[in-house]
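Listing of start12.pdb, PDB, C-alpha atoms
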ATOM      1  CA  MET A   1     -59.941-301.080 -28.963
ATOM      2  CA  ARG A   2     -58.969-298.224 -26.680
ATOM      3  CA  SER A   3     -62.167-296.338 -27.312
ATOM      4  CA  VAL A   4     -64.224-299.466 -26.638
ATOM      5  CA  TRP A   5     -62.389-299.810 -23.329
ATOM      6  CA  ARG A   6     -63.079-296.130 -22.508
ATOM      7  CA  THR A   7     -66.788-296.486 -23.252
ATOM      8  CA  LEU A   8     -66.991-299.604 -21.115
ATOM      9  CA  GLN A   9     -65.156-297.864 -18.311
ATOM     10  CA  ALA A  10     -67.518-294.911 -18.494
ATOM     11  CA  ARG A  11     -70.611-297.130 -18.318
ATOM     12  CA  LEU A  12     -69.351-299.571 -15.715
ATOM     13  CA  GLY A  13     -67.194-297.301 -13.611
ATOM     14  CA  PRO A  14     -63.438-297.927 -13.314
ATOM     15  CA  GLU A  15     -63.711-300.469 -10.503
ATOM     16  CA  LEU A  16     -66.275-302.763 -12.121
ATOM     17  CA  ALA A  17     -64.526-302.443 -15.492
ATOM     18  CA  ARG A  18     -61.242-303.533 -13.923
ATOM     19  CA  ASP A  19     -62.851-306.493 -12.119
ATOM     20  CA  ILE A  20     -64.566-307.664 -15.289
ATOM     21  CA  ALA A  21     -61.348-307.238 -17.278
ATOM     22  CA  LEU A  22     -59.536-309.512 -14.835
ATOM     23  CA  VAL A  23     -62.186-312.228 -15.160
ATOM     24  CA  CYS A  24     -61.991-311.856 -18.948
ATOM     25  CA  LEU A  25     -58.233-312.358 -18.816
ATOM     26  CA  ALA A  26     -58.543-315.483 -16.649
ATOM     27  CA  ASP A  27     -61.332-316.969 -18.765
ATOM     28  CA  GLY A  28     -59.501-316.035 -21.958
ATOM     29  CA  ILE A  29     -56.537-318.138 -20.836
ATOM     30  CA  VAL A  30     -58.864-321.026 -19.971
ATOM     31  CA  GLY A  31     -60.349-320.588 -23.480
ATOM     32  CA  LEU A  32     -56.831-320.801 -24.883
ATOM     33  CA  SER A  33     -56.384-324.143 -23.162
ATOM     34  CA  PHE A  34     -59.801-325.344 -24.334
ATOM     35  CA  GLY A  35     -58.851-324.670 -27.957
ATOM     36  CA  ALA A  36     -55.440-326.277 -27.574
ATOM     37  CA  ILE A  37     -56.683-329.352 -25.700
ATOM     38  CA  THR A  38     -59.531-329.989 -28.138
ATOM     39  CA  VAL A  39     -57.353-329.793 -31.233
ATOM     40  CA  GLY A  40     -54.524-331.595 -29.432
ATOM     41  CA  SER A  41     -56.783-334.560 -28.726
ATOM     42  CA  GLY A  42     -57.300-335.068 -32.434
ATOM     43  CA  LEU A  43     -60.638-333.308 -32.891
ATOM     44  CA  PRO A  44     -61.142-330.944 -35.841
ATOM     45  CA  LEU A  45     -59.928-327.332 -35.701
ATOM     46  CA  TRP A  46     -63.419-325.908 -36.182
ATOM     47  CA  LEU A  47     -64.964-327.790 -33.267
ATOM     48  CA  PRO A  48     -63.730-325.643 -30.346
ATOM     49  CA  MET A  49     -64.529-322.435 -32.265
ATOM     50  CA  LEU A  50     -68.042-323.528 -33.255
ATOM     51  CA  MET A  51     -68.765-324.720 -29.721
ATOM     52  CA  SER A  52     -67.569-321.524 -28.106
ATOM     53  CA  VAL A  53     -69.853-319.392 -30.269
ATOM     54  CA  VAL A  54     -72.906-321.687 -30.205
ATOM     55  CA  VAL A  55     -72.749-323.157 -26.696
ATOM     56  CA  PHE A  56     -70.667-320.545 -24.826
ATOM     57  CA  ALA A  57     -70.431-322.397 -21.506
ATOM     58  CA  GLY A  58     -66.985-323.517 -20.387
ATOM     59  CA  ALA A  59     -67.759-326.483 -18.156
ATOM     60  CA  ALA A  60     -70.155-328.075 -20.642
ATOM     61  CA  GLN A  61     -67.678-327.559 -23.484
ATOM     62  CA  PHE A  62     -64.832-329.269 -21.619
ATOM     63  CA  LEU A  63     -67.126-332.136 -20.639
ATOM     64  CA  PHE A  64     -68.446-332.610 -24.190
ATOM     65  CA  VAL A  65     -64.967-332.620 -25.706
ATOM     66  CA  GLY A  66     -63.682-334.956 -22.988
ATOM     67  CA  ILE A  67     -66.378-337.520 -23.752
ATOM     68  CA  VAL A  68     -66.040-337.258 -27.532
ATOM     69  CA  ALA A  69     -62.222-337.372 -27.468
ATOM     70  CA  ALA A  70     -62.352-340.516 -25.329
ATOM     71  CA  GLY A  71     -64.432-342.177 -28.041
ATOM     72  CA  GLY A  72     -67.717-341.702 -26.198
ATOM     73  CA  ASN A  73     -71.059-341.579 -27.883
ATOM     74  CA  LEU A  74     -72.312-338.214 -29.198
ATOM     75  CA  VAL A  75     -75.748-338.559 -27.618
ATOM     76  CA  ALA A  76     -74.129-339.129 -24.232
ATOM     77  CA  ALA A  77     -71.876-336.090 -24.760
ATOM     78  CA  VAL A  78     -74.856-333.860 -25.631
ATOM     79  CA  ALA A  79     -76.879-335.163 -22.679
ATOM     80  CA  ALA A  80     -73.969-334.567 -20.301
ATOM     81  CA  GLY A  81     -73.513-331.020 -21.616
ATOM     82  CA  LEU A  82     -77.230-330.241 -21.312
ATOM     83  CA  LEU A  83     -77.305-331.521 -17.751
ATOM     84  CA  VAL A  84     -74.404-329.241 -16.781
ATOM     85  CA  ASN A  85     -76.115-326.288 -18.476
ATOM     86  CA  ALA A  86     -79.577-326.845 -16.971
ATOM     87  CA  ARG A  87     -78.767-324.377 -14.167
ATOM     88  CA  HIS A  88     -79.232-321.588 -16.717
ATOM     89  CA  LEU A  89     -82.984-322.176 -16.492
ATOM     90  CA  PRO A  90     -83.257-320.911 -12.892
ATOM     91  CA  PHE A  91     -80.569-318.291 -13.650
ATOM     92  CA  GLY A  92     -82.831-316.997 -16.409
ATOM     93  CA  PHE A  93     -85.665-316.349 -13.984
ATOM     94  CA  ALA A  94     -83.319-314.594 -11.570
ATOM     95  CA  VAL A  95     -81.950-312.125 -14.124
ATOM     96  CA  ALA A  96     -85.053-311.873 -16.363
ATOM     97  CA  ASP A  97     -85.733-308.351 -15.149
ATOM     98  CA  LEU A  98     -82.333-307.185 -16.386
ATOM     99  CA  LEU A  99     -83.163-308.399 -19.890
ATOM    100  CA  SER A 100     -86.611-306.876 -20.156
ATOM    101  CA  GLY A 101     -87.470-304.262 -22.741
ATOM    102  CA  ARG A 102     -87.064-304.890 -26.431
ATOM    103  CA  ARG A 103     -87.434-308.536 -27.378
ATOM    104  CA  SER A 104     -84.199-308.527 -29.398
ATOM    105  CA  ARG A 105     -82.448-307.461 -26.236
ATOM    106  CA  SER A 106     -83.698-310.443 -24.234
ATOM    107  CA  LEU A 107     -82.811-312.776 -27.096
ATOM    108  CA  VAL A 108     -79.221-311.524 -27.298
ATOM    109  CA  GLY A 109     -78.793-311.075 -23.550
ATOM    110  CA  SER A 110     -79.896-314.638 -22.885
ATOM    111  CA  HIS A 111     -76.982-316.003 -24.874
ATOM    112  CA  VAL A 112     -74.397-314.210 -22.716
ATOM    113  CA  MET A 113     -76.014-315.517 -19.516
ATOM    114  CA  ILE A 114     -73.247-317.449 -17.762
ATOM    115  CA  ASP A 115     -72.134-318.020 -14.193
ATOM    116  CA  GLU A 116     -69.922-314.946 -14.177
ATOM    117  CA  SER A 117     -72.398-312.480 -15.711
ATOM    118  CA  VAL A 118     -75.155-313.675 -13.353
ATOM    119  CA  ALA A 119     -72.814-313.413 -10.361
ATOM    120  CA  PHE A 120     -71.650-309.914 -11.351
ATOM    121  CA  ALA A 121     -75.275-308.819 -11.740
ATOM    122  CA  LEU A 122     -76.215-310.179  -8.315
ATOM    123  CA  SER A 123     -73.227-308.459  -6.712
ATOM    124  CA  GLN A 124     -74.504-305.006  -7.674
ATOM    125  CA  ARG A 125     -77.127-302.946  -5.880
ATOM    126  CA  GLY A 126     -80.052-301.628  -7.894
ATOM    127  CA  THR A 127     -81.488-302.777 -11.207
ATOM    128  CA  GLY A 128     -79.546-300.204 -13.243
ATOM    129  CA  ARG A 129     -76.137-301.235 -11.885
ATOM    130  CA  SER A 130     -77.000-304.935 -12.138
ATOM    131  CA  ARG A 131     -78.052-304.533 -15.746
ATOM    132  CA  VAL A 132     -74.839-302.760 -16.716
ATOM    133  CA  ALA A 133     -72.776-305.390 -14.868
ATOM    134  CA  PHE A 134     -74.614-308.263 -16.567
ATOM    135  CA  TRP A 135     -74.190-306.862 -20.061
ATOM    136  CA  GLY A 136     -70.643-305.626 -19.534
ATOM    137  CA  CYS A 137     -69.467-308.958 -18.180
ATOM    138  CA  GLY A 138     -71.490-311.100 -20.590
ATOM    139  CA  LEU A 139     -70.444-309.347 -23.790
ATOM    140  CA  ALA A 140     -66.805-308.864 -22.766
ATOM    141  CA  LEU A 141     -66.514-312.525 -21.774
ATOM    142  CA  PHE A 142     -68.094-313.671 -25.020
ATOM    143  CA  VAL A 143     -65.421-311.783 -26.957
ATOM    144  CA  CYS A 144     -62.507-312.862 -24.737
ATOM    145  CA  TRP A 145     -63.581-316.500 -24.471
ATOM    146  CA  ASN A 146     -63.913-316.857 -28.229
ATOM    147  CA  LEU A 147     -60.662-314.981 -28.853
ATOM    148  CA  GLY A 148     -58.871-317.274 -26.405
ATOM    149  CA  VAL A 149     -60.324-320.415 -27.973
ATOM    150  CA  LEU A 150     -59.393-319.202 -31.469
ATOM    151  CA  LEU A 151     -55.780-318.529 -30.459
ATOM    152  CA  GLY A 152     -55.559-321.815 -28.570
ATOM    153  CA  ALA A 153     -56.965-323.847 -31.455
ATOM    154  CA  PHE A 154     -54.421-322.390 -33.889
ATOM    155  CA  GLY A 155     -51.553-321.840 -31.493
ATOM    156  CA  GLY A 156     -51.468-325.346 -30.120
ATOM    157  CA  THR A 157     -50.263-326.399 -26.746
ATOM    158  CA  ALA A 158     -48.416-323.336 -25.438
ATOM    159  CA  ILE A 159     -50.775-323.240 -22.469
ATOM    160  CA  SER A 160     -52.594-326.520 -22.234
ATOM    161  CA  ASN A 161     -52.267-327.005 -18.495
ATOM    162  CA  THR A 162     -53.885-324.017 -16.800
ATOM    163  CA  ASP A 163     -53.736-325.886 -13.492
ATOM    164  CA  ALA A 164     -50.084-324.870 -13.198
ATOM    165  CA  PHE A 165     -51.235-321.233 -12.945
ATOM    166  CA  GLY A 166     -53.902-322.056 -10.394
ATOM    167  CA  LEU A 167     -56.647-320.912 -12.750
ATOM    168  CA  ASP A 168     -58.882-323.763 -11.573
ATOM    169  CA  ALA A 169     -58.923-321.958  -8.206
ATOM    170  CA  ALA A 170     -59.637-318.582  -9.823
ATOM    171  CA  PHE A 171     -63.091-319.616 -11.110
ATOM    172  CA  PRO A 172     -64.604-320.577  -7.726
ATOM    173  CA  ALA A 173     -62.814-317.632  -6.083
ATOM    174  CA  VAL A 174     -64.418-315.219  -8.567
ATOM    175  CA  LEU A 175     -67.910-316.593  -7.908
ATOM    176  CA  LEU A 176     -67.334-316.717  -4.160
ATOM    177  CA  ALA A 177     -66.218-313.084  -4.026
ATOM    178  CA  LEU A 178     -69.289-312.064  -6.028
ATOM    179  CA  VAL A 179     -71.890-313.984  -3.983
ATOM    180  CA  LEU A 180     -70.426-313.125  -0.574
ATOM    181  CA  PRO A 181     -72.374-309.857  -0.243
ATOM    182  CA  SER A 182     -75.637-311.782  -0.796
ATOM    183  CA  LEU A 183     -74.558-314.323   1.823
ATOM    184  CA  ARG A 184     -74.456-311.658   4.509
ATOM    185  CA  ASP A 185     -78.238-312.064   4.678
ATOM    186  CA  LYS A 186     -78.851-314.771   7.278
ATOM    187  CA  SER A 187     -81.657-316.758   5.654
ATOM    188  CA  THR A 188     -80.000-316.624   2.224
ATOM    189  CA  ARG A 189     -76.790-317.879   3.798
ATOM    190  CA  ARG A 190     -78.608-320.767   5.475
ATOM    191  CA  ALA A 191     -80.159-321.847   2.168
ATOM    192  CA  ALA A 192     -76.875-321.447   0.280
ATOM    193  CA  LEU A 193     -74.863-323.462   2.799
ATOM    194  CA  ALA A 194     -77.502-326.197   2.827
ATOM    195  CA  GLY A 195     -77.418-326.236  -0.976
ATOM    196  CA  ALA A 196     -73.616-326.447  -1.038
ATOM    197  CA  ALA A 197     -73.688-329.341   1.445
ATOM    198  CA  ILE A 198     -76.240-331.224  -0.659
ATOM    199  CA  ALA A 199     -74.216-330.650  -3.837
ATOM    200  CA  LEU A 200     -71.009-331.874  -2.193
ATOM    201  CA  ALA A 201     -72.652-334.914  -0.612
ATOM    202  CA  THR A 202     -74.146-336.055  -3.922
ATOM    203  CA  SER A 203     -71.117-335.273  -6.128
ATOM    204  CA  PRO A 204     -69.423-338.683  -5.721
ATOM    205  CA  PHE A 205     -72.497-340.506  -7.042
ATOM    206  CA  LEU A 206     -74.262-338.307  -9.581
ATOM    207  CA  ALA A 207     -73.443-337.101 -13.091
ATOM    208  CA  ALA A 208     -71.815-333.649 -13.348
ATOM    209  CA  GLY A 209     -74.401-330.862 -13.170
ATOM    210  CA  LEU A 210     -76.992-332.737 -11.127
ATOM    211  CA  PRO A 211     -75.402-332.085  -7.712
ATOM    212  CA  VAL A 212     -75.481-328.305  -8.282
ATOM    213  CA  LEU A 213     -79.132-328.474  -9.387
ATOM    214  CA  LEU A 214     -80.004-330.593  -6.349
ATOM    215  CA  GLY A 215     -78.471-327.812  -4.287
ATOM    216  CA  LEU A 216     -81.742-325.943  -4.916
ATOM    217  CA  VAL A 217     -83.284-328.251  -2.317
ATOM    218  CA  GLY A 218     -81.345-326.079   0.118
ATOM    219  CA  MET A 219     -84.046-323.457  -0.510
ATOM    220  CA  LEU A 220     -86.164-325.446   1.959
ATOM    221  CA  ALA A 221     -83.911-324.037   4.667
ATOM    222  CA  LEU A 222     -85.533-320.677   3.892
ATOM    223  CA  GLY A 223     -89.008-322.064   4.583
ATOM    224  CA  ARG A 224     -89.414-321.210   8.205
ATOM    225  CA  ARG A 225     -89.142-317.474   7.815
ATOM    226  CA  ARG A 226     -92.156-317.316   5.518
ATOM    227  CA  SER A 227     -94.459-319.019   8.014
ATOM    228  CA  GLU A 228     -93.318-316.938  10.976
TER     229      GLU A 228
ATOM    230  CA  MET B 229     -66.614-340.011 -36.313
ATOM    231  CA  SER B 230     -68.429-338.035 -39.003
ATOM    232  CA  SER B 231     -68.152-334.264 -39.147
ATOM    233  CA  ILE B 232     -71.873-333.938 -39.765
ATOM    234  CA  GLY B 233     -72.689-335.897 -36.632
ATOM    235  CA  LEU B 234     -70.347-333.679 -34.647
ATOM    236  CA  VAL B 235     -71.881-330.463 -36.029
ATOM    237  CA  VAL B 236     -75.394-331.703 -35.260
ATOM    238  CA  ALA B 237     -74.343-332.624 -31.724
ATOM    239  CA  VAL B 238     -72.837-329.186 -31.094
ATOM    240  CA  VAL B 239     -75.897-327.430 -32.529
ATOM    241  CA  VAL B 240     -78.288-329.557 -30.428
ATOM    242  CA  LEU B 241     -76.248-328.762 -27.310
ATOM    243  CA  GLY B 242     -76.200-325.080 -28.264
ATOM    244  CA  VAL B 243     -79.932-324.870 -28.967
ATOM    245  CA  GLY B 244     -80.793-326.813 -25.819
ATOM    246  CA  THR B 245     -78.595-324.551 -23.726
ATOM    247  CA  TYR B 246     -80.124-321.474 -25.326
ATOM    248  CA  CYS B 247     -83.630-322.748 -24.509
ATOM    249  CA  PHE B 248     -82.633-323.033 -20.844
ATOM    250  CA  ARG B 249     -81.268-319.488 -20.976
ATOM    251  CA  VAL B 250     -84.085-317.799 -22.823
ATOM    252  CA  ALA B 251     -87.064-319.422 -21.048
ATOM    253  CA  GLY B 252     -86.931-317.141 -18.003
ATOM    254  CA  PRO B 253     -86.571-313.824 -19.837
ATOM    255  CA  LEU B 254     -89.322-314.705 -22.357
ATOM    256  CA  LEU B 255     -91.812-315.969 -19.781
ATOM    257  CA  ARG B 256     -91.009-313.126 -17.450
ATOM    258  CA  SER B 257     -92.343-310.550 -19.895
ATOM    259  CA  ARG B 258     -95.758-312.260 -19.881
ATOM    260  CA  ILE B 259     -96.360-312.770 -16.218
ATOM    261  CA  THR B 260     -96.034-310.464 -13.258
ATOM    262  CA  LEU B 261     -94.494-311.960 -10.187
ATOM    263  CA  SER B 262     -94.934-310.827  -6.636
ATOM    264  CA  LYS B 263     -91.982-309.252  -4.851
ATOM    265  CA  ASP B 264     -91.664-312.404  -2.731
ATOM    266  CA  VAL B 265     -91.359-314.685  -5.737
ATOM    267  CA  GLU B 266     -88.854-312.338  -7.355
ATOM    268  CA  ARG B 267     -86.779-312.438  -4.219
ATOM    269  CA  LEU B 268     -86.973-316.250  -4.198
ATOM    270  CA  MET B 269     -85.610-316.352  -7.759
ATOM    271  CA  GLU B 270     -82.666-314.248  -6.691
ATOM    272  CA  VAL B 271     -81.988-316.450  -3.678
ATOM    273  CA  ALA B 272     -82.195-319.502  -5.951
ATOM    274  CA  ALA B 273     -79.425-318.054  -8.139
ATOM    275  CA  VAL B 274     -77.286-317.383  -5.056
ATOM    276  CA  VAL B 275     -77.886-320.949  -3.828
ATOM    277  CA  LEU B 276     -76.900-322.383  -7.223
ATOM    278  CA  LEU B 277     -73.765-320.242  -7.450
ATOM    279  CA  THR B 278     -72.747-321.209  -3.903
ATOM    280  CA  ALA B 279     -73.257-324.898  -4.702
ATOM    281  CA  LEU B 280     -71.150-324.339  -7.809
ATOM    282  CA  VAL B 281     -68.396-322.711  -5.740
ATOM    283  CA  ALA B 282     -68.407-325.711  -3.393
ATOM    284  CA  THR B 283     -68.210-328.335  -6.133
ATOM    285  CA  ALA B 284     -65.752-326.387  -8.299
ATOM    286  CA  THR B 285     -63.492-326.042  -5.250
ATOM    287  CA  LEU B 286     -63.616-329.567  -3.912
ATOM    288  CA  VAL B 287     -64.689-331.928  -6.664
ATOM    289  CA  ASP B 288     -62.938-333.051  -9.834
ATOM    290  CA  GLY B 289     -64.813-335.748 -11.718
ATOM    291  CA  HIS B 290     -66.221-337.785  -8.830
ATOM    292  CA  GLY B 291     -63.286-337.385  -6.467
ATOM    293  CA  PHE B 292     -61.500-334.815  -4.317
ATOM    294  CA  ALA B 293     -59.903-332.008  -6.349
ATOM    295  CA  GLY B 294     -56.846-331.765  -4.091
ATOM    296  CA  PHE B 295     -55.502-329.504  -1.385
ATOM    297  CA  ALA B 296     -53.778-327.032  -3.703
ATOM    298  CA  ARG B 297     -57.043-325.825  -5.232
ATOM    299  CA  LEU B 298     -58.819-325.852  -1.870
ATOM    300  CA  GLY B 299     -55.991-323.794  -0.335
ATOM    301  CA  GLY B 300     -56.201-321.190  -3.090
ATOM    302  CA  VAL B 301     -59.967-320.787  -2.865
ATOM    303  CA  ALA B 302     -59.744-320.641   0.939
ATOM    304  CA  VAL B 303     -57.218-317.789   0.774
ATOM    305  CA  GLY B 304     -59.383-315.995  -1.795
ATOM    306  CA  GLY B 305     -62.503-316.546   0.283
ATOM    307  CA  LEU B 306     -60.849-315.222   3.428
ATOM    308  CA  LEU B 307     -59.676-312.098   1.606
ATOM    309  CA  ALA B 308     -63.155-311.581   0.141
ATOM    310  CA  TRP B 309     -64.654-311.990   3.601
ATOM    311  CA  ARG B 310     -62.309-309.254   4.865
ATOM    312  CA  ARG B 311     -63.597-307.121   1.977
ATOM    313  CA  ALA B 312     -60.315-307.095   0.097
ATOM    314  CA  PRO B 313     -60.445-305.771  -3.483
ATOM    315  CA  PHE B 314     -61.778-308.262  -6.029
ATOM    316  CA  VAL B 315     -58.553-308.267  -8.042
ATOM    317  CA  LEU B 316     -56.526-309.212  -4.961
ATOM    318  CA  VAL B 317     -58.977-312.021  -4.126
ATOM    319  CA  VAL B 318     -58.722-313.630  -7.553
ATOM    320  CA  VAL B 319     -54.975-313.187  -8.031
ATOM    321  CA  ALA B 320     -54.222-314.449  -4.513
ATOM    322  CA  ALA B 321     -56.402-317.533  -5.042
ATOM    323  CA  ALA B 322     -54.683-318.470  -8.305
ATOM    324  CA  ALA B 323     -51.188-317.639  -6.995
ATOM    325  CA  THR B 324     -51.662-319.651  -3.789
ATOM    326  CA  THR B 325     -52.794-322.709  -5.746
ATOM    327  CA  ALA B 326     -49.952-322.318  -8.252
ATOM    328  CA  VAL B 327     -47.336-322.027  -5.478
ATOM    329  CA  LEU B 328     -48.800-324.978  -3.548
ATOM    330  CA  ARG B 329     -48.546-327.097  -6.699
ATOM    331  CA  LEU B 330     -44.993-325.904  -7.280
ATOM    332  CA  LEU B 331     -44.223-327.123  -3.773
ATOM    333  CA  GLY B 332     -45.637-330.521  -4.664
ATOM    334  CA  VAL B 333     -49.001-330.278  -2.907
ATOM    335  CA  PRO B 334     -51.514-332.368  -4.899
TER     336      PRO B 334
END

Show me this structure written as structure tokens.
Amino acid sequence: MRSVWRTLQARLGPELARDIALVCLADGIVGLSFGAITVGSGLPLWLPMLMSVVVFAGAAQFLFVGIVAAGGNLVAAVAAGLLVNARHLPFGFAVADLLSGRRSRSLVGSHVMIDESVAFALSQRGTGRSRVAFWGCGLALFVCWNLGVLLGAFGGTAISNTDAFGLDAAFPAVLLALVLPSLRDKSTRRAALAGAAIALATSPFLAAGLPVLLGLVGMLALGRRRSE
Amino acid sequence: MSSIGLVVAVVVLGVGTYCFRVAGPLLRSRITLSKDVERLMEVAAVVLLTALVATATLVDGHGFAGFARLGGVAVGGLLAWRRAPFVLVVVAAAATTAVLRLLGVP
């Protein structure tokens, strides 16, 4: 374990390694609660573990389990989860360059594409740094998330309410800190703020996932610069 | 509810999600994009992440997520804006929200 940490530190640099470790810790605790909540709501022990390996996307997993535990229909639960995860399609085009090279590498790398690994990649300058950040964050989170879920599923309800620790604020704060450097560019900021406004305005009416996707309409705010 | 149905549902969700994830990287190796388009893809990811920050901060289900969470993210955002270290940003955001809740803020 220590040598793995040293290798990671050497590749990522101490600062990035520390930042990623913190996000892993926070997400690991959320994973703990996911395991505990799922089993606690009467669903089988294997469900949270299978989901975390196969789906590996926190928001969609919570949504799926919430619908199924409430007696909802499985097709509806799958559709809801897919809708929340559809943002990975545009993410994939944004980070595709970081996963180029051997085909096996893009196949594995795609699975660890999540909000945090994409955000860490975007926060770094240069393809080399971005690539290391994407892989470091993606792989480390995959391990920590699954470890957390495993412990939570077996350990029960020790930490089932992560809201008490403010962890629901940690997730947006992490992403915000990582996208802020990109937002210093004026036209990007205009598009991002327009997208956020659209997502917020449509959230009360639309199914989870759709508002964020609709935020892409904010890209129209970029338009003018290209015709100038 | 049958276990088989549940397994199939999880696998369908997993495969569907993976298709979303892998489409970009696989297509990207076949086509060359101009610098402008590449830049647009990056901006699109920033726009999506910003929209996600906004909804994850303010929305829970279809309603307002409460002032405690908003307060925490605001403190974190302010620190990030002042270029505070990442660790401080994240810990301060979580701690602020936790303390606000302890004080009874919804």

- Task: Could you check which of B:Ala326, B:Leu331, B:Val303, B:Val265 is closest to chain A, using only C-alpha atoms?
- Result: B:Ala326

Hey, what comes out of the PyMOL selection byres ((chain B) within 7 of (chain A)) on this file? Could you write it as a compact mmCIF listing (two decimals) with C-alpha atoms, in the coordinates of the input?
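Here's the written file expr.txt:
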# COMPACT_ATOMS: atom_id res chain seq x y z
CA ALA B 237 -74.34 -332.62 -31.72
CA VAL B 238 -72.84 -329.19 -31.09
CA VAL B 239 -75.90 -327.43 -32.53
CA LEU B 241 -76.25 -328.76 -27.31
CA GLY B 242 -76.20 -325.08 -28.26
CA GLY B 244 -80.79 -326.81 -25.82
CA THR B 245 -78.60 -324.55 -23.73
CA TYR B 246 -80.12 -321.47 -25.33
CA PHE B 248 -82.63 -323.03 -20.84
CA ARG B 249 -81.27 -319.49 -20.98
CA VAL B 250 -84.08 -317.80 -22.82
CA ALA B 251 -87.06 -319.42 -21.05
CA GLY B 252 -86.93 -317.14 -18.00
CA PRO B 253 -86.57 -313.82 -19.84
CA ARG B 256 -91.01 -313.13 -17.45
CA SER B 257 -92.34 -310.55 -19.90
CA MET B 269 -85.61 -316.35 -7.76
CA GLU B 270 -82.67 -314.25 -6.69
CA VAL B 271 -81.99 -316.45 -3.68
CA ALA B 272 -82.20 -319.50 -5.95
CA ALA B 273 -79.42 -318.05 -8.14
CA VAL B 274 -77.29 -317.38 -5.06
CA VAL B 275 -77.89 -320.95 -3.83
CA LEU B 276 -76.90 -322.38 -7.22
CA LEU B 277 -73.76 -320.24 -7.45
CA THR B 278 -72.75 -321.21 -3.90
CA ALA B 279 -73.26 -324.90 -4.70
CA LEU B 280 -71.15 -324.34 -7.81
CA VAL B 281 -68.40 -322.71 -5.74
CA ALA B 282 -68.41 -325.71 -3.39
CA THR B 283 -68.21 -328.34 -6.13
CA ALA B 284 -65.75 -326.39 -8.30
CA THR B 285 -63.49 -326.04 -5.25
CA HIS B 290 -66.22 -337.78 -8.83
CA GLY B 291 -63.29 -337.38 -6.47
CA ARG B 297 -57.04 -325.82 -5.23
CA GLY B 300 -56.20 -321.19 -3.09
CA VAL B 301 -59.97 -320.79 -2.86
CA GLY B 304 -59.38 -316.00 -1.80
CA GLY B 305 -62.50 -316.55 0.28
CA ALA B 308 -63.16 -311.58 0.14
CA PHE B 314 -61.78 -308.26 -6.03
CA VAL B 315 -58.55 -308.27 -8.04
CA VAL B 318 -58.72 -313.63 -7.55
CA ALA B 321 -56.40 -317.53 -5.04
CA ALA B 322 -54.68 -318.47 -8.30
CA ALA B 323 -51.19 -317.64 -7.00
CA THR B 325 -52.79 -322.71 -5.75
CA ALA B 326 -49.95 -322.32 -8.25

- Message: As an exercise, work out the distance from CA of Gln124 (chain A) to CA of Leu261 (chain B) in Å and give it to one decimal place.
- Response: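 If I compute the distance from CA of Gln124 (chain A) to CA of Leu261 (chain B), I get 21.3 Å.
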
- Item | Nearest to Gly294 (chain B) by atom-to-atom distance, counting only C-alpha atoms, from B:Glu266, B:Leu328, B:Cys247, B:Val240 |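 When distances to Gly294 (chain B) are compared using only C-alpha atoms, the smallest one comes from B:Leu328.
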
- Task: Grab the CA of Cys144 (chain A) to CA of Gly35 (chain A) distance for me, in Å with one decimal place.
- Result: 12.8 Å

- Evaluate the PyMOL selection byres ((chain A and resi 136) around 10) and report residues as number ranges by chain: A: 8-9, 11-12, 16-17, 20-21, 112, 117, 120-121, 130-135, 137-141

Output file for the selection above: C-alpha atoms, as a compact mmCIF listing (two decimals), keeping the file's coordinate frame:
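This is the output file part.txt:
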# COMPACT_ATOMS: atom_id res chain seq x y z
CA LEU A 8 -66.99 -299.60 -21.12
CA GLN A 9 -65.16 -297.86 -18.31
CA ARG A 11 -70.61 -297.13 -18.32
CA LEU A 12 -69.35 -299.57 -15.72
CA LEU A 16 -66.28 -302.76 -12.12
CA ALA A 17 -64.53 -302.44 -15.49
CA ILE A 20 -64.57 -307.66 -15.29
CA ALA A 21 -61.35 -307.24 -17.28
CA VAL A 112 -74.40 -314.21 -22.72
CA SER A 117 -72.40 -312.48 -15.71
CA PHE A 120 -71.65 -309.91 -11.35
CA ALA A 121 -75.28 -308.82 -11.74
CA SER A 130 -77.00 -304.94 -12.14
CA ARG A 131 -78.05 -304.53 -15.75
CA VAL A 132 -74.84 -302.76 -16.72
CA ALA A 133 -72.78 -305.39 -14.87
CA PHE A 134 -74.61 -308.26 -16.57
CA TRP A 135 -74.19 -306.86 -20.06
CA CYS A 137 -69.47 -308.96 -18.18
CA GLY A 138 -71.49 -311.10 -20.59
CA LEU A 139 -70.44 -309.35 -23.79
CA ALA A 140 -66.81 -308.86 -22.77
CA LEU A 141 -66.51 -312.52 -21.77

- Task: Have a look at B:Leu268, B:Gly299, B:Arg311, B:Val287 and name the one nearest to Leu220 (chain A); count all atoms listed in the file.
- Result: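 Between B:Leu268, B:Gly299, B:Arg311, B:Val287, the residue approaching Leu220 (chain A) most closely is B:Leu268.
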
- Query: How many Å separate CA of Asn161 (chain A) from CA of Ala69 (chain A)?
  - Reply: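 Between CA of Asn161 (chain A) and CA of Ala69 (chain A) the gap is 16.9 Å.
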
- Message: Give me, as a VMD selection string, all polymer residues having an atom no more than 12 Å from Ser33 (chain A), counting only C-alpha atoms and skipping those fewer than 4 positions away in the same chain.
- Response: chain A and resid 26 to 29 37 to 41 48 58 61 to 62 145 to 165 167 to 168

Report as AutoDock Vina command-line options the centre and the edge lengths, in Å to one decimal, of the axis-aligned box holding every listed atom of region 267-272 of chain B, padded by 8 Å on each side.
--center_x -84.5 --center_y -316.0 --center_z -5.7 --size_x 21.0 --size_y 23.1 --size_z 20.1
